[in-house]
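What follows is the content of data_7.cif (mmCIF, C-alpha atoms).
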data_input
#
loop_
_atom_site.label_atom_id
_atom_site.label_comp_id
_atom_site.auth_asym_id
_atom_site.auth_seq_id
_atom_site.Cartn_x
_atom_site.Cartn_y
_atom_site.Cartn_z
CA MET A 1 -12.59 -9.28 -167.77
CA PHE A 2 -10.60 -6.06 -168.00
CA ASP A 3 -13.70 -4.06 -167.14
CA TRP A 4 -14.37 -6.27 -164.18
CA ILE A 5 -10.85 -5.75 -162.84
CA LEU A 6 -11.06 -2.01 -163.34
CA ASP A 7 -14.41 -2.09 -161.61
CA PHE A 8 -13.01 -4.10 -158.72
CA TYR A 9 -9.72 -2.26 -158.36
CA ASN A 10 -9.41 1.04 -160.17
CA TRP A 11 -5.69 1.72 -160.12
CA ARG A 12 -6.18 5.14 -161.73
CA VAL A 13 -7.89 6.31 -158.56
CA VAL A 14 -5.11 4.78 -156.50
CA GLY A 15 -2.66 6.69 -158.68
CA GLN A 16 -4.31 9.94 -157.67
CA TYR A 17 -3.81 9.05 -154.04
CA VAL A 18 -0.17 8.03 -154.22
CA PRO A 19 0.92 11.10 -152.20
CA GLU A 20 -1.56 10.19 -149.46
CA PHE A 21 -0.33 6.62 -149.28
CA THR A 22 3.32 7.68 -149.25
CA ARG A 23 2.60 10.17 -146.49
CA GLY A 24 0.75 7.48 -144.56
CA MET A 25 3.54 4.97 -144.98
CA THR A 26 6.16 7.48 -143.82
CA ALA A 27 4.01 8.34 -140.82
CA THR A 28 3.56 4.66 -139.95
CA MET A 29 7.28 4.09 -140.10
CA TRP A 30 8.09 7.13 -137.96
CA ILE A 31 5.43 6.28 -135.40
CA SER A 32 6.69 2.70 -135.25
CA LEU A 33 10.32 3.78 -134.96
CA ILE A 34 9.71 6.24 -132.10
CA SER A 35 7.45 3.75 -130.30
CA LEU A 36 10.08 1.06 -130.79
CA VAL A 37 12.80 3.16 -129.16
CA LEU A 38 10.40 4.04 -126.34
CA SER A 39 9.36 0.43 -125.86
CA LEU A 40 12.94 -0.83 -125.79
CA ALA A 41 13.82 1.74 -123.13
CA ILE A 42 10.76 0.85 -121.05
CA GLY A 43 11.31 -2.84 -121.69
CA THR A 44 14.94 -2.80 -120.57
CA LEU A 45 14.14 -0.77 -117.47
CA THR A 46 11.21 -2.94 -116.40
CA ALA A 47 13.08 -6.15 -117.20
CA ILE A 48 15.84 -5.09 -114.81
CA MET A 49 13.25 -3.99 -112.23
CA ARG A 50 11.42 -7.30 -112.61
CA MET A 51 14.62 -9.19 -111.80
CA SER A 52 15.61 -7.01 -108.87
CA ALA A 53 15.50 -8.37 -105.34
CA ASN A 54 13.62 -5.33 -104.11
CA PRO A 55 9.97 -6.45 -103.82
CA PHE A 56 8.70 -2.92 -104.39
CA LEU A 57 10.51 -2.63 -107.73
CA TRP A 58 9.64 -6.02 -109.10
CA ARG A 59 6.02 -5.76 -108.04
CA ILE A 60 5.63 -2.50 -109.97
CA ALA A 61 7.22 -4.04 -113.04
CA ALA A 62 5.20 -7.26 -112.78
CA GLY A 63 1.98 -5.30 -112.29
CA TYR A 64 2.67 -3.16 -115.32
CA ILE A 65 3.40 -6.19 -117.48
CA GLN A 66 0.29 -8.06 -116.32
CA ALA A 67 -1.93 -5.02 -116.80
CA ILE A 68 -0.71 -4.44 -120.35
CA ARG A 69 -0.86 -8.09 -121.33
CA SER A 70 -4.40 -8.55 -120.06
CA THR A 71 -6.05 -5.56 -121.71
CA PRO A 72 -6.48 -4.75 -125.39
CA LEU A 73 -4.31 -2.10 -126.99
CA LEU A 74 -7.38 -0.18 -128.12
CA ILE A 75 -8.49 0.39 -124.54
CA GLN A 76 -4.94 1.37 -123.58
CA ILE A 77 -4.90 3.95 -126.36
CA TYR A 78 -8.24 5.36 -125.21
CA VAL A 79 -7.24 5.46 -121.57
CA ILE A 80 -3.91 7.16 -122.28
CA TYR A 81 -5.24 9.58 -124.86
CA PHE A 82 -8.17 10.65 -122.72
CA SER A 83 -6.55 10.49 -119.30
CA LEU A 84 -3.05 11.91 -119.73
CA PRO A 85 -4.34 15.40 -120.63
CA ALA A 86 -6.13 15.42 -117.28
CA LEU A 87 -2.80 15.26 -115.47
CA PRO A 88 -2.04 18.79 -114.30
CA LEU A 89 1.74 18.52 -114.48
CA LEU A 90 1.68 18.36 -118.24
CA GLY A 91 0.10 21.78 -118.48
CA ARG A 92 -1.34 21.24 -121.93
CA ARG A 93 -3.37 18.75 -123.89
CA LEU A 94 -1.48 15.83 -125.31
CA ASP A 95 -2.11 15.66 -129.03
CA GLU A 96 -3.27 12.50 -130.80
CA LEU A 97 0.15 11.66 -132.14
CA GLU A 98 1.88 11.92 -128.77
CA GLY A 99 -0.88 9.97 -127.04
CA GLY A 100 -0.76 7.27 -129.69
CA ILE A 101 3.01 6.92 -129.53
CA ILE A 102 3.05 6.76 -125.73
CA ALA A 103 0.31 4.12 -125.76
CA LEU A 104 2.10 2.05 -128.40
CA GLY A 105 5.40 2.38 -126.54
CA LEU A 106 3.88 1.36 -123.22
CA ASN A 107 2.07 -1.56 -124.83
CA ALA A 108 5.06 -2.92 -126.74
CA GLY A 109 7.28 -2.19 -123.71
CA ALA A 110 5.56 -4.91 -121.69
CA TYR A 111 6.14 -7.53 -124.36
CA MET A 112 9.68 -6.33 -125.00
CA SER A 113 10.32 -6.52 -121.26
CA GLU A 114 9.52 -10.24 -121.15
CA ILE A 115 11.75 -10.90 -124.14
CA ILE A 116 14.64 -8.83 -122.76
CA ARG A 117 14.32 -10.55 -119.39
CA ALA A 118 14.68 -13.91 -121.10
CA GLY A 119 17.74 -12.49 -122.84
CA ILE A 120 19.33 -11.29 -119.60
CA GLU A 121 18.61 -14.62 -117.93
CA SER A 122 20.35 -16.40 -120.79
CA ILE A 123 23.69 -14.74 -119.92
CA SER A 124 25.82 -17.11 -117.91
CA LYS A 125 26.78 -16.17 -114.39
CA GLY A 126 30.48 -16.36 -115.19
CA GLN A 127 30.12 -13.32 -117.42
CA VAL A 128 28.82 -11.19 -114.58
CA GLU A 129 31.39 -12.56 -112.16
CA GLY A 130 34.16 -11.89 -114.64
CA ALA A 131 33.00 -8.31 -115.05
CA GLN A 132 32.79 -7.93 -111.27
CA SER A 133 36.28 -9.26 -110.79
CA VAL A 134 37.77 -6.65 -113.11
CA GLY A 135 36.08 -4.02 -110.97
CA MET A 136 33.16 -2.98 -113.12
CA THR A 137 30.26 -1.25 -111.41
CA TYR A 138 26.70 -2.54 -111.80
CA LEU A 139 25.93 -0.04 -114.56
CA GLN A 140 29.13 -0.82 -116.42
CA ARG A 141 28.41 -4.55 -116.22
CA MET A 142 24.94 -4.03 -117.63
CA ARG A 143 26.08 -1.60 -120.29
CA TYR A 144 29.19 -3.41 -121.56
CA VAL A 145 28.73 -7.06 -120.69
CA VAL A 146 25.18 -8.21 -120.04
CA LEU A 147 22.88 -6.13 -122.24
CA PRO A 148 24.81 -6.37 -125.53
CA GLN A 149 24.84 -10.16 -125.31
CA ALA A 150 21.27 -10.31 -124.03
CA PHE A 151 19.96 -8.29 -126.98
CA ALA A 152 21.94 -10.36 -129.45
CA ASN A 153 20.52 -13.58 -127.98
CA VAL A 154 16.90 -12.48 -128.27
CA LEU A 155 17.13 -10.55 -131.52
CA PRO A 156 14.68 -12.81 -133.43
CA PRO A 157 11.78 -12.42 -130.95
CA LEU A 158 12.56 -8.71 -130.63
CA LEU A 159 12.22 -8.31 -134.38
CA GLY A 160 9.02 -10.36 -134.31
CA GLN A 161 7.61 -8.06 -131.68
CA THR A 162 8.65 -5.08 -133.80
CA ALA A 163 6.61 -6.49 -136.67
CA VAL A 164 3.65 -6.72 -134.29
CA LEU A 165 4.26 -3.12 -133.22
CA ILE A 166 4.18 -1.90 -136.82
CA LYS A 167 0.87 -3.67 -137.39
CA ASP A 168 -0.53 -2.43 -134.08
CA SER A 169 0.30 1.15 -135.03
CA SER A 170 -2.72 0.99 -137.36
CA LEU A 171 -4.91 1.30 -134.26
CA VAL A 172 -3.82 4.86 -133.52
CA SER A 173 -5.93 5.88 -136.52
CA PHE A 174 -8.88 5.43 -134.13
CA ILE A 175 -7.90 8.55 -132.20
CA GLY A 176 -7.39 10.47 -135.42
CA VAL A 177 -3.69 10.06 -136.12
CA PHE A 178 -2.91 10.06 -139.82
CA GLU A 179 -0.87 7.03 -140.85
CA LEU A 180 -1.06 4.25 -143.41
CA PHE A 181 -4.45 2.98 -142.33
CA GLY A 182 -5.66 6.56 -142.04
CA ALA A 183 -4.67 7.06 -145.68
CA GLY A 184 -6.98 4.15 -146.53
CA LEU A 185 -9.77 5.73 -144.50
CA THR A 186 -9.25 9.00 -146.42
CA VAL A 187 -9.75 7.21 -149.75
CA LEU A 188 -12.79 5.44 -148.34
CA SER A 189 -14.42 8.64 -147.13
CA GLU A 190 -13.57 10.76 -150.18
CA ARG A 191 -14.25 8.24 -152.96
CA LEU A 192 -16.27 5.51 -151.22
CA MET A 193 -13.96 2.91 -152.72
CA PRO A 194 -13.11 0.31 -150.05
CA ASN A 195 -11.30 -1.99 -152.48
CA GLU A 196 -8.88 0.62 -153.74
CA ALA A 197 -8.39 1.93 -150.22
CA PHE A 198 -7.78 -1.23 -148.23
CA LEU A 199 -6.20 -3.54 -150.78
CA THR A 200 -3.59 -0.85 -151.34
CA VAL A 201 -3.06 -0.37 -147.63
CA ALA A 202 -2.71 -4.15 -147.21
CA ALA A 203 -0.10 -4.22 -149.99
CA CYS A 204 1.84 -1.41 -148.29
CA TYR A 205 1.86 -3.28 -144.96
CA LEU A 206 2.99 -6.43 -146.74
CA ALA A 207 5.83 -4.47 -148.31
CA ILE A 208 6.96 -3.23 -144.88
CA TYR A 209 6.66 -6.79 -143.53
CA GLY A 210 8.72 -8.11 -146.44
CA VAL A 211 11.51 -5.62 -145.73
CA MET A 212 11.35 -6.58 -142.04
CA MET A 213 11.76 -10.26 -142.92
CA VAL A 214 14.79 -9.58 -145.10
CA VAL A 215 16.39 -7.43 -142.38
CA SER A 216 15.67 -10.04 -139.72
CA ASP A 217 17.13 -12.82 -141.89
CA TYR A 218 20.24 -10.75 -142.47
CA ALA A 219 20.64 -9.87 -138.78
CA GLN A 220 20.19 -13.47 -137.75
CA ARG A 221 22.74 -14.70 -140.23
CA LYS A 222 25.21 -12.01 -139.25
CA LEU A 223 24.86 -12.67 -135.51
CA GLY A 224 24.60 -16.42 -135.97
CA GLY A 225 27.88 -16.36 -137.87
CA ALA A 226 29.62 -14.39 -135.17
CA ARG A 227 28.32 -16.75 -132.54
CA SER A 228 29.13 -20.17 -133.86
CA MET B 1 -18.67 7.92 -109.48
CA MET B 2 -20.48 5.01 -107.82
CA GLU B 3 -23.63 6.26 -109.48
CA VAL B 4 -22.07 6.01 -112.95
CA ILE B 5 -20.70 2.57 -112.24
CA LYS B 6 -24.12 1.40 -111.18
CA LEU B 7 -25.76 2.94 -114.25
CA THR B 8 -23.33 1.67 -116.86
CA MET B 9 -22.38 -1.71 -115.45
CA PRO B 10 -25.34 -3.60 -117.00
CA PHE B 11 -24.42 -2.29 -120.47
CA LEU B 12 -20.78 -3.13 -120.02
CA LEU B 13 -21.64 -6.62 -118.84
CA GLU B 14 -23.81 -7.06 -121.92
CA GLY B 15 -20.78 -6.03 -123.98
CA LEU B 16 -18.61 -8.48 -122.08
CA TRP B 17 -21.11 -11.24 -122.87
CA MET B 18 -20.77 -10.42 -126.58
CA THR B 19 -16.98 -10.39 -126.27
CA PHE B 20 -17.22 -13.77 -124.55
CA LYS B 21 -19.43 -15.21 -127.29
CA ILE B 22 -17.20 -14.00 -130.13
CA SER B 23 -14.00 -15.15 -128.46
CA LEU B 24 -15.44 -18.58 -127.69
CA ILE B 25 -16.71 -19.20 -131.23
CA THR B 26 -13.45 -17.89 -132.62
CA ILE B 27 -11.20 -20.08 -130.53
CA LEU B 28 -13.16 -23.13 -131.69
CA CYS B 29 -13.22 -22.21 -135.40
CA GLY B 30 -9.74 -20.73 -135.40
CA SER B 31 -8.19 -23.72 -133.65
CA LEU B 32 -9.87 -26.14 -136.03
CA LEU B 33 -8.75 -24.20 -139.08
CA GLY B 34 -5.29 -23.67 -137.64
CA PHE B 35 -4.98 -27.36 -136.80
CA ILE B 36 -5.85 -28.31 -140.37
CA VAL B 37 -3.43 -25.75 -141.80
CA GLY B 38 -0.66 -26.82 -139.42
CA MET B 39 -1.15 -30.53 -140.14
CA LEU B 40 -1.24 -29.97 -143.90
CA ARG B 41 1.90 -27.91 -143.64
CA THR B 42 3.76 -30.67 -141.82
CA VAL B 43 2.58 -33.69 -143.79
CA GLY B 44 1.75 -32.13 -147.17
CA GLY B 45 4.16 -31.85 -150.08
CA TRP B 46 6.21 -28.77 -150.84
CA LEU B 47 3.47 -27.15 -152.94
CA VAL B 48 0.88 -27.39 -150.16
CA SER B 49 3.43 -26.23 -147.63
CA PHE B 50 4.47 -23.31 -149.85
CA THR B 51 0.89 -22.18 -150.51
CA LEU B 52 -0.01 -22.33 -146.83
CA GLY B 53 3.21 -20.49 -146.03
CA ILE B 54 2.02 -17.63 -148.23
CA TYR B 55 -1.37 -17.73 -146.50
CA ILE B 56 0.28 -17.46 -143.09
CA HIS B 57 2.69 -14.71 -144.10
CA ALA B 58 -0.01 -12.68 -145.84
CA LEU B 59 -2.12 -12.73 -142.68
CA ARG B 60 0.85 -12.19 -140.37
CA GLY B 61 2.15 -9.29 -142.43
CA THR B 62 -0.99 -7.17 -142.29
CA PRO B 63 -2.85 -5.72 -139.31
CA PHE B 64 -6.02 -7.45 -138.15
CA LEU B 65 -7.88 -4.21 -138.78
CA ILE B 66 -7.13 -4.67 -142.48
CA HIS B 67 -8.46 -8.25 -142.52
CA LEU B 68 -11.64 -7.03 -140.93
CA TYR B 69 -12.12 -4.25 -143.48
CA LEU B 70 -11.26 -6.53 -146.39
CA ILE B 71 -13.80 -9.12 -145.30
CA TYR B 72 -16.52 -6.68 -144.34
CA PHE B 73 -16.15 -4.03 -147.08
CA VAL B 74 -14.16 -5.51 -149.95
CA LEU B 75 -15.56 -9.03 -150.26
CA PRO B 76 -19.15 -7.85 -150.85
CA SER B 77 -18.01 -5.81 -153.85
CA THR B 78 -16.98 -8.98 -155.68
CA GLY B 79 -20.70 -9.39 -156.32
CA ILE B 80 -20.75 -13.01 -155.12
CA SER B 81 -23.83 -13.39 -152.99
CA TRP B 82 -22.50 -15.65 -150.24
CA LEU B 83 -19.66 -13.22 -149.61
CA GLN B 84 -22.10 -10.51 -148.50
CA LEU B 85 -21.50 -10.96 -144.82
CA GLU B 86 -23.28 -9.50 -141.84
CA ALA B 87 -21.10 -7.88 -139.19
CA PHE B 88 -21.10 -10.82 -136.77
CA PRO B 89 -20.05 -13.57 -139.19
CA ALA B 90 -17.54 -11.18 -140.78
CA ALA B 91 -15.97 -10.55 -137.38
CA VAL B 92 -15.84 -14.23 -136.48
CA ILE B 93 -14.39 -15.21 -139.86
CA ALA B 94 -11.74 -12.47 -139.76
CA LEU B 95 -10.73 -13.36 -136.21
CA SER B 96 -10.68 -17.08 -136.99
CA LEU B 97 -8.42 -16.61 -140.00
CA TYR B 98 -6.12 -14.45 -137.89
CA THR B 99 -6.11 -17.04 -135.08
CA SER B 100 -5.48 -19.91 -137.46
CA THR B 101 -2.05 -18.55 -138.42
CA TYR B 102 -0.92 -18.65 -134.79
CA VAL B 103 -2.43 -22.08 -134.16
CA ALA B 104 -0.88 -23.48 -137.32
CA GLU B 105 2.57 -22.45 -136.13
CA ILE B 106 1.95 -24.01 -132.72
CA VAL B 107 0.75 -27.27 -134.27
CA ARG B 108 3.77 -27.45 -136.53
CA ALA B 109 6.21 -26.64 -133.73
CA ALA B 110 4.61 -29.22 -131.42
CA ILE B 111 4.68 -31.98 -134.02
CA GLU B 112 8.30 -31.21 -134.83
CA ALA B 113 9.13 -31.21 -131.11
CA VAL B 114 8.19 -34.88 -130.79
CA PRO B 115 11.52 -36.72 -130.99
CA LYS B 116 12.19 -38.39 -134.34
CA GLY B 117 13.00 -41.70 -132.65
CA GLN B 118 9.33 -42.02 -131.70
CA SER B 119 8.20 -42.01 -135.33
CA GLU B 120 11.03 -44.26 -136.38
CA ALA B 121 10.16 -46.77 -133.68
CA ALA B 122 6.50 -46.66 -134.64
CA ARG B 123 7.25 -47.15 -138.32
CA SER B 124 9.64 -49.98 -137.58
CA THR B 125 6.92 -51.88 -135.70
CA GLY B 126 4.93 -51.76 -138.93
CA MET B 127 2.62 -48.85 -138.26
CA THR B 128 1.50 -46.88 -141.30
CA ALA B 129 2.29 -43.16 -141.47
CA LEU B 130 -1.31 -42.44 -140.50
CA GLN B 131 -1.23 -44.79 -137.52
CA ASN B 132 2.06 -43.29 -136.42
CA MET B 133 0.52 -39.80 -136.51
CA ARG B 134 -2.69 -40.90 -134.82
CA TYR B 135 -1.31 -43.11 -132.03
CA VAL B 136 2.24 -41.92 -131.43
CA VAL B 137 2.97 -38.36 -132.55
CA LEU B 138 -0.31 -36.52 -132.02
CA PRO B 139 -1.02 -37.65 -128.44
CA GLN B 140 2.39 -36.32 -127.41
CA ALA B 141 2.17 -33.19 -129.56
CA LEU B 142 -1.36 -32.26 -128.38
CA LYS B 143 -0.15 -32.02 -124.80
CA MET B 144 2.50 -29.52 -125.81
CA MET B 145 -0.07 -27.46 -127.72
CA ILE B 146 -2.21 -26.81 -124.65
CA PRO B 147 -0.15 -24.16 -122.82
CA PRO B 148 0.44 -21.83 -125.79
CA MET B 149 -3.27 -22.02 -126.60
CA GLY B 150 -3.91 -19.95 -123.48
CA GLY B 151 -1.82 -17.18 -124.98
CA ILE B 152 -3.77 -17.51 -128.24
CA TYR B 153 -7.05 -17.24 -126.37
CA VAL B 154 -5.91 -13.98 -124.79
CA ILE B 155 -4.83 -12.67 -128.20
CA ILE B 156 -8.33 -13.45 -129.46
CA ILE B 157 -10.02 -11.75 -126.51
CA LYS B 158 -7.94 -8.65 -127.11
CA GLY B 159 -8.59 -8.91 -130.84
CA THR B 160 -12.35 -8.77 -130.29
CA SER B 161 -11.93 -5.18 -129.13
CA ILE B 162 -11.18 -4.21 -132.73
CA VAL B 163 -14.38 -5.64 -134.19
CA SER B 164 -16.20 -2.75 -132.53
CA VAL B 165 -15.37 -0.74 -135.69
CA ILE B 166 -17.82 -2.71 -137.80
CA GLY B 167 -20.54 -2.05 -135.28
CA ILE B 168 -20.58 -5.12 -133.07
CA ALA B 169 -21.80 -4.26 -129.60
CA GLU B 170 -18.97 -5.84 -127.64
CA LEU B 171 -17.18 -4.46 -124.61
CA VAL B 172 -15.34 -1.53 -126.20
CA ARG B 173 -18.43 -0.51 -128.14
CA ALA B 174 -20.50 -0.71 -124.96
CA GLY B 175 -17.91 1.48 -123.26
CA GLU B 176 -18.02 4.01 -126.09
CA HIS B 177 -21.80 4.20 -125.86
CA ALA B 178 -21.60 4.68 -122.13
CA THR B 179 -19.10 7.53 -122.50
CA GLN B 180 -21.49 9.26 -124.88
CA ARG B 181 -24.15 9.13 -122.23
CA HIS B 182 -21.81 10.20 -119.40
CA PRO B 183 -19.03 12.13 -121.13
CA ARG B 184 -17.69 13.54 -117.88
CA GLU B 185 -17.03 10.10 -116.42
CA LEU B 186 -15.06 8.96 -119.43
CA MET B 187 -12.09 7.83 -117.36
CA VAL B 188 -14.20 5.81 -114.98
CA ILE B 189 -15.95 4.06 -117.83
CA TYR B 190 -12.81 3.22 -119.78
CA GLY B 191 -11.18 2.17 -116.53
CA MET B 192 -14.04 -0.23 -115.86
CA THR B 193 -13.84 -1.57 -119.40
CA ALA B 194 -10.13 -2.23 -118.91
CA LEU B 195 -10.85 -3.96 -115.60
CA LEU B 196 -13.44 -6.22 -117.20
CA TYR B 197 -10.96 -7.23 -119.88
CA PHE B 198 -8.41 -7.86 -117.17
CA ALA B 199 -10.88 -10.02 -115.25
CA TYR B 200 -11.41 -12.12 -118.37
CA CYS B 201 -7.80 -12.36 -119.59
CA TYR B 202 -5.81 -12.65 -116.38
CA PRO B 203 -7.24 -16.02 -115.26
CA VAL B 204 -6.63 -17.40 -118.75
CA LEU B 205 -2.99 -16.31 -118.60
CA ARG B 206 -2.61 -17.84 -115.15
CA LEU B 207 -4.18 -21.06 -116.34
CA ALA B 208 -1.81 -21.13 -119.30
CA ARG B 209 1.16 -20.70 -117.00
CA TRP B 210 -0.10 -23.51 -114.78
CA ALA B 211 -0.56 -25.73 -117.82
CA GLU B 212 2.96 -24.94 -118.91
CA THR B 213 4.43 -26.30 -115.69
CA LYS B 214 2.21 -29.34 -116.04
CA PHE B 215 2.52 -30.25 -119.71
CA GLY B 216 5.69 -28.48 -120.79
CA SER B 217 5.64 -26.25 -123.81
CA VAL B 218 7.02 -25.74 -127.27
CA ARG B 219 9.32 -22.91 -128.16
CA LEU B 220 7.63 -21.03 -130.94
CA PRO B 221 9.60 -19.80 -133.90
CA SER B 222 8.90 -16.08 -133.85
#
For this file, produce the structure as structure tokens.
Amino acid sequence: MFDWILDFYNWRVVGQYVPEFTRGMTATMWISLISLVLSLAIGTLTAIMRMSANPFLWRIAAGYIQAIRSTPLLIQIYVIYFSLPALPLLGRRLDELEGGIIALGLNAGAYMSEIIRAGIESISKGQVEGAQSVGMTYLQRMRYVVLPQAFANVLPPLLGQTAVLIKDSSLVSFIGVFELFGAGLTVLSERLMPNEAFLTVAACYLAIYGVMMVVSDYAQRKLGGARS
Amino acid sequence: MMEVIKLTMPFLLEGLWMTFKISLITILCGSLLGFIVGMLRTVGGWLVSFTLGIYIHALRGTPFLIHLYLIYFVLPSTGISWLQLEAFPAAVIALSLYTSTYVAEIVRAAIEAVPKGQSEAARSTGMTALQNMRYVVLPQALKMMIPPMGGIYVIIIKGTSIVSVIGIAELVRAGEHATQRHPRELMVIYGMTALLYFAYCYPVLRLARWAETKFGSVRLPS
């Protein structure tokens, strides 16, 4: 039995690769974090554009959201990684990491945008009118009144989408970015041990997911308490 | 450019056909499995519900890419002969398992969205729990499950792009092959691939939105 387990999952080999896996996990978390910030910025901007009365603005936002939602992330990564370097204004090649992060940010941005829009729509009109009546400008209203409440209202789906983003970040390994899944691929190619490689990677992702669930529970309780 | 489009289109369409086949089989298998899991989770005892909860969280907490590699590379090394899967069944099984977690949540949410008074009324007229489920709850719940299924179908279609890594000649794979033949027209080819995906997914999303106005929908716990 012991032999069979060691044959199926040799933890000594995994032990040798602990630095790789740690490096991969750190990379995954950084990539996810930067993409998250990017996607929230894009999401907020396009959500506001989508709700604007200007047909030009909302058409651009709606087109972007539809395009992202109807194509797979993998194709988006390929298109961005291979096409952005062709743009002359950049002046240099975009490296894999930058391409991957931009693709992830643009992809998650479309989903975030829909969630944030729902959040903004959930704010009652009286709030905006109240802010207007004390003389706040549009930007001030958004910044101090609407957006803080909107984000608080849609925190659970935002966190859910963040979990999706973390999982999706595994796809940037396809264009050669080193992250958690890439660490698994390294073990596979160096030792030809798929079990040790991918079961470990799966466990690492589950650990990240577990932390996410705890954080999301905490945030929900905290906000829920303040609300009721 | 037109030349390349004309040359590569047949290959891409072949890839799209494969994508279509996989996504269709998957939505059938995945929905069935998800329906069973969702029903068991609602009507089963706490142990069943707990076990299936772990199943759902384990699949939700890891990327689909990992499921695919586990099923295609890790299962065969258990040495059990029926777990030695070819690429196509491995892809369909991995995608179906992944889909089932989403469907299970939809099924549960829809069943719970049927007002309690309905079940109470049914039980008070002497219906058994099974009859109540069969004649009162499910007919109402099924309607609410239809609109979100459109979203699931699109998730599956997009998920099929990933199975290209285990060598299935679907749309992305076909695109990659085409770019190897015409490396200079890479952008055109990937652009066309994206357009084909769009042509497949967009109508489904529209249909789902239409169904939502018609049947109403359930709010999914995220």
Report summary line: Shortest contact to chain A, candidates B:Tyr69, B:Trp17, B:Phe11, B:Phe215, atoms counted only C-alpha atoms, goes to B:Tyr69
Residue hits in chain A, query chain B, radius 10 Å, all atoms listed in the file, as an mmCIF file with C-alpha atoms, keeping the file's coordinate frame:
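The result, written out as result20.cif:
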data_model
loop_
_atom_site.group_PDB
_atom_site.id
_atom_site.type_symbol
_atom_site.label_atom_id
_atom_site.label_comp_id
_atom_site.auth_asym_id
_atom_site.auth_seq_id
_atom_site.Cartn_x
_atom_site.Cartn_y
_atom_site.Cartn_z
ATOM 1 C CA TRP A 4 -14.370 -6.270 -164.180
ATOM 2 C CA ILE A 5 -10.850 -5.750 -162.840
ATOM 3 C CA ASP A 7 -14.410 -2.090 -161.610
ATOM 4 C CA PHE A 8 -13.010 -4.100 -158.720
ATOM 5 C CA GLN A 66 0.290 -8.060 -116.320
ATOM 6 C CA ALA A 67 -1.930 -5.020 -116.800
ATOM 7 C CA ILE A 68 -0.710 -4.440 -120.350
ATOM 8 C CA ARG A 69 -0.860 -8.090 -121.330
ATOM 9 C CA SER A 70 -4.400 -8.550 -120.060
ATOM 10 C CA THR A 71 -6.050 -5.560 -121.710
ATOM 11 C CA PRO A 72 -6.480 -4.750 -125.390
ATOM 12 C CA LEU A 73 -4.310 -2.100 -126.990
ATOM 13 C CA LEU A 74 -7.380 -0.180 -128.120
ATOM 14 C CA ILE A 75 -8.490 0.390 -124.540
ATOM 15 C CA GLN A 76 -4.940 1.370 -123.580
ATOM 16 C CA TYR A 78 -8.240 5.360 -125.210
ATOM 17 C CA VAL A 79 -7.240 5.460 -121.570
ATOM 18 C CA ILE A 80 -3.910 7.160 -122.280
ATOM 19 C CA PHE A 82 -8.170 10.650 -122.720
ATOM 20 C CA SER A 83 -6.550 10.490 -119.300
ATOM 21 C CA ALA A 86 -6.130 15.420 -117.280
ATOM 22 C CA PRO A 156 14.680 -12.810 -133.430
ATOM 23 C CA PRO A 157 11.780 -12.420 -130.950
ATOM 24 C CA LEU A 158 12.560 -8.710 -130.630
ATOM 25 C CA LEU A 159 12.220 -8.310 -134.380
ATOM 26 C CA GLY A 160 9.020 -10.360 -134.310
ATOM 27 C CA GLN A 161 7.610 -8.060 -131.680
ATOM 28 C CA ALA A 163 6.610 -6.490 -136.670
ATOM 29 C CA VAL A 164 3.650 -6.720 -134.290
ATOM 30 C CA LEU A 165 4.260 -3.120 -133.220
ATOM 31 C CA ILE A 166 4.180 -1.900 -136.820
ATOM 32 C CA LYS A 167 0.870 -3.670 -137.390
ATOM 33 C CA ASP A 168 -0.530 -2.430 -134.080
ATOM 34 C CA SER A 169 0.300 1.150 -135.030
ATOM 35 C CA SER A 170 -2.720 0.990 -137.360
ATOM 36 C CA LEU A 171 -4.910 1.300 -134.260
ATOM 37 C CA PHE A 174 -8.880 5.430 -134.130
ATOM 38 C CA PHE A 181 -4.450 2.980 -142.330
ATOM 39 C CA GLY A 184 -6.980 4.150 -146.530
ATOM 40 C CA MET A 193 -13.960 2.910 -152.720
ATOM 41 C CA PRO A 194 -13.110 0.310 -150.050
ATOM 42 C CA ASN A 195 -11.300 -1.990 -152.480
ATOM 43 C CA GLU A 196 -8.880 0.620 -153.740
ATOM 44 C CA ALA A 197 -8.390 1.930 -150.220
ATOM 45 C CA PHE A 198 -7.780 -1.230 -148.230
ATOM 46 C CA LEU A 199 -6.200 -3.540 -150.780
ATOM 47 C CA VAL A 201 -3.060 -0.370 -147.630
ATOM 48 C CA ALA A 202 -2.710 -4.150 -147.210
ATOM 49 C CA ALA A 203 -0.100 -4.220 -149.990
ATOM 50 C CA CYS A 204 1.840 -1.410 -148.290
ATOM 51 C CA TYR A 205 1.860 -3.280 -144.960
ATOM 52 C CA LEU A 206 2.990 -6.430 -146.740
ATOM 53 C CA ALA A 207 5.830 -4.470 -148.310
ATOM 54 C CA ILE A 208 6.960 -3.230 -144.880
ATOM 55 C CA TYR A 209 6.660 -6.790 -143.530
ATOM 56 C CA GLY A 210 8.720 -8.110 -146.440
ATOM 57 C CA MET A 212 11.350 -6.580 -142.040
ATOM 58 C CA MET A 213 11.760 -10.260 -142.920
#
Query raised in the report: Excluding same-chain residues fewer than 6 positions from A:Arg59, what lies within 12 Å of it counting all atoms listed in the file, as a PyMOL selection string?
Result: chain A and resi 46-53+65-67
Query raised in the report: Please, which residues are within 12 Å of (2.1, -22.4, -150.1) by the file's coordinates, counting all atoms listed in the file, and could they come as number ranges by chain?
Result: B: 37-38, 40-42, 44-58
**Report entry** Residues selected by the PyMOL selection byres ((chain B and resi 96) around 12), written as a ChimeraX atom specification
**Finding:** /B:22-35,59,64,67-68,71,89-95,97-104,152-153,155-157,159-160
